[in-house]
Structure formats: structure tokens, C-alpha cells
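**Q** Handing you a structure now.
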Amino acid sequence: PTSPHISWQAERLFVLGLTDACPRCGFAPDKASPADGDDKERAAHLRGCTDAAAQAKWRRRQAKKAAPLEARAEAAAADEEVQNAAAWALLGSTAQSAWLLTDKQLDAACGERGVCTGGGREEKLARLAAAQAGEAGASAHMSAESAPANLHAMSVPQLRAVCAAHGLVPPDGAGSEELISLLESRHDAHAALEGGGLEAGGQARLLGGGGDGNEAEEDEDEE
């Protein structure tokens, strides 16, 4: 029977000779033995590997070896927390740039602003964007500061998070290209609005034309 501490995949790899030591107790067949690599010998060892003391000793040994790696992983995660928080603060701690935050930091940001922390990451980002838009009396927009410079290098979950932070609800199953197009269209629309390229009703007009878009036709009629 498989030990509750060991996956059956690890035991299978040992039987096939793809790992040197028994994943339960650490026993390693003698490499000088002609029987080394014999799957029957290894399978027989597993069937008889019931020494609880030996197994516990092996687990302690493995845990001791893994401790430095876990410590480094925790330190890296802590560094990421600090860097993300610093980047968000540099961008003004806006909802549109909240996609930079880790899940822990996002929960804290929502809590500070009285936003519900239930649900998934996208839901939290969307609520945060809606709350900030409500305070400002405007919808979240895509700015040069809040838009990632490497959209094409981001994964679909990351792109969906950026969409949610900007008040966009992408369709289920949308691919990276569709999400990027959605974000870029939001950014272009806002840039046009700031530059006077959109009428108050949201209808696009020619930038720099200064008219209602029918002037070209009127000029032709006059000629």
C-alpha cells in the first residue's frame, strides 16, 4: 500500500529505477549489485517497507534538506510583496494599478477602502475600481501609467486582472489577443476623449477637424 506521506508517482519512479532512493525510507539499492535497476527488487522492497521509525527518520532528513529552499522561497515572496507595494504607491495607489498587488495586499487595499474582500481576484479588482470610480464620479480609464508596458508578455489570468482593475468585464474564455485588444481600445478611447477626440455623447469625430464631420461633404457640394 502507498504511504500517506508519499505520492504513488514517487513510488512508481522508484520501481522503474528513475530515482535512486525509496521515497518512504530512503533505502537505495546497491549500484554495484547486478540486480540494481530490477523493478521486481524495488517493488518487493516497497511491499516490505513498513518500518515506521525508518520512514520518520527519512522524512525528517528530507525536511531538513528542504528547509533552506523554503526559507529562500519565503524571502523571495516577501521581497515581491515589498516591491509590488512600492510600485503601487509610486503609481498613486489607484485601483487601475491594483493588478500589481499580491492577493494579500489586494485584500488589505480593499479592506482599507471598505470594499468586500469576498470572491476571486478579478471580483476584488472590479469592486475596487467601481468604488474608486464612484468616489471620483468617473469611470476607470486606461492611462499610460496604469497600463502595463508588456501586455503581450502577460498570461491570460494577468490580462484579465488588468481588465478588471480598469472596470472591464472580458467575456469568458477570451484569449490573450482579445484581452489585449479590449485594453488597447479602452486606452485609445480615453486618449481621444482627453484630446477632444470624442463628443460628449461618446461619438468619435475627426481629431483636429474642429467640426462635426460633415464639412468635407459641404466643401465638395460647394465646388
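Chain identifiers are assigned as A, B, and so on, following the order in which chains appear in the C-alpha cells; residues are numbered from 1 within each chain, and ligands are numbered from 1 in order of appearance.
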Per residue of stretch 39-110 of chain A within 9 Å of stretch 162-181 of chain A, what are the shortest atom pair and its distance in Å to one decimal, counting only C-alpha atoms, with rows by chain and residue number, as JSON lines?
**A**
```
{"residue": "A:Ala95", "atom": "CA", "partner": "A:Ala165", "partner_atom": "CA", "distance": 6.0}
{"residue": "A:Gln96", "atom": "CA", "partner": "A:Ala165", "partner_atom": "CA", "distance": 4.7}
{"residue": "A:Ser97", "atom": "CA", "partner": "A:Ala165", "partner_atom": "CA", "distance": 6.8}
{"residue": "A:Ala98", "atom": "CA", "partner": "A:Ala165", "partner_atom": "CA", "distance": 6.4}
{"residue": "A:Trp99", "atom": "CA", "partner": "A:Val162", "partner_atom": "CA", "distance": 5.6}
{"residue": "A:Leu100", "atom": "CA", "partner": "A:Val162", "partner_atom": "CA", "distance": 8.6}
```
**Q** Between A:Leu183, A:Cys25, A:Ala85, A:Ala130, single out the one closest to A:Arg59, counting only C-alpha atoms.
**A**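 Residue with the minimum atom-to-atom distance to A:Arg59: A:Cys25.
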**Q** Give me, as number ranges by chain, all polymer residues having an atom no more than 9 Å from stretch 108-120 of chain A, counting only C-alpha atoms and skipping those fewer than 5 positions away in the same chain.
**A** A: 93, 98, 101, 103, 125, 127-128, 131-132
**Q** Could you check how far atom CA of A:Ala52 sits from atom CA of A:Glu70, in Å to one decimal?
**A**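 Rounded to one decimal, the two atoms are 25.6 Å apart.
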**Q** Where in stretch 95-177 of chain A does DSSP assign helix (DSSP H, G or I), given as an mmCIF file with C-alpha atoms, in the first residue's frame?
**A**
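Full text of result-v9.cif as output:
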```
data_model
loop_
_atom_site.group_PDB
_atom_site.id
_atom_site.type_symbol
_atom_site.label_atom_id
_atom_site.label_comp_id
_atom_site.auth_asym_id
_atom_site.auth_seq_id
_atom_site.Cartn_x
_atom_site.Cartn_y
_atom_site.Cartn_z
ATOM 1 C CA ALA A 95 -7.497 50.951 -8.397
ATOM 2 C CA GLN A 96 -6.357 50.860 -12.025
ATOM 3 C CA SER A 97 -2.856 49.817 -10.952
ATOM 4 C CA ALA A 98 -4.042 47.420 -8.221
ATOM 5 C CA TRP A 99 -3.357 44.477 -10.539
ATOM 6 C CA LEU A 100 0.260 44.883 -9.378
ATOM 7 C CA ASP A 103 -3.591 38.659 -3.209
ATOM 8 C CA LYS A 104 -2.679 39.521 0.380
ATOM 9 C CA GLN A 105 -2.055 43.163 -0.481
ATOM 10 C CA LEU A 106 -5.229 43.347 -2.559
ATOM 11 C CA ASP A 107 -7.279 42.154 0.404
ATOM 12 C CA ALA A 108 -5.662 44.821 2.568
ATOM 13 C CA ALA A 109 -6.325 47.541 -0.013
ATOM 14 C CA CYS A 110 -9.970 46.511 -0.282
ATOM 15 C CA GLY A 111 -10.349 46.420 3.484
ATOM 16 C CA GLU A 112 -8.894 49.912 3.875
ATOM 17 C CA ARG A 121 -9.068 38.226 -7.553
ATOM 18 C CA GLU A 122 -10.915 39.646 -10.564
ATOM 19 C CA GLU A 123 -14.017 40.353 -8.483
ATOM 20 C CA LYS A 124 -11.992 42.240 -5.883
ATOM 21 C CA LEU A 125 -10.214 44.314 -8.511
ATOM 22 C CA ALA A 126 -13.529 45.149 -10.189
ATOM 23 C CA ARG A 127 -15.098 46.212 -6.870
ATOM 24 C CA LEU A 128 -12.075 48.358 -6.061
ATOM 25 C CA ALA A 129 -12.277 50.020 -9.494
ATOM 26 C CA ALA A 130 -16.017 50.644 -9.080
ATOM 27 C CA ALA A 131 -15.512 52.119 -5.607
ATOM 28 C CA GLN A 132 -12.798 54.493 -6.788
ATOM 29 C CA ALA A 133 -14.829 55.484 -9.863
ATOM 30 C CA GLY A 134 -17.779 56.250 -7.615
ATOM 31 C CA GLU A 135 -15.642 58.482 -5.418
ATOM 32 C CA ALA A 136 -14.215 60.324 -8.422
ATOM 33 C CA LEU A 151 0.862 43.311 -22.362
ATOM 34 C CA HIS A 152 1.960 40.737 -24.934
ATOM 35 C CA ALA A 153 4.209 39.043 -22.379
ATOM 36 C CA VAL A 156 -4.338 35.352 -19.641
ATOM 37 C CA PRO A 157 -5.033 35.491 -15.849
ATOM 38 C CA GLN A 158 -2.769 38.551 -15.573
ATOM 39 C CA LEU A 159 -4.506 40.256 -18.501
ATOM 40 C CA ARG A 160 -7.920 39.514 -17.002
ATOM 41 C CA ALA A 161 -6.741 41.105 -13.743
ATOM 42 C CA VAL A 162 -5.655 44.246 -15.617
ATOM 43 C CA CYS A 163 -9.061 44.353 -17.337
ATOM 44 C CA ALA A 164 -10.883 44.038 -14.016
ATOM 45 C CA ALA A 165 -8.776 46.820 -12.490
ATOM 46 C CA SER A 176 -4.785 36.938 -24.792
ATOM 47 C CA GLU A 177 -5.188 38.762 -28.120
#
```
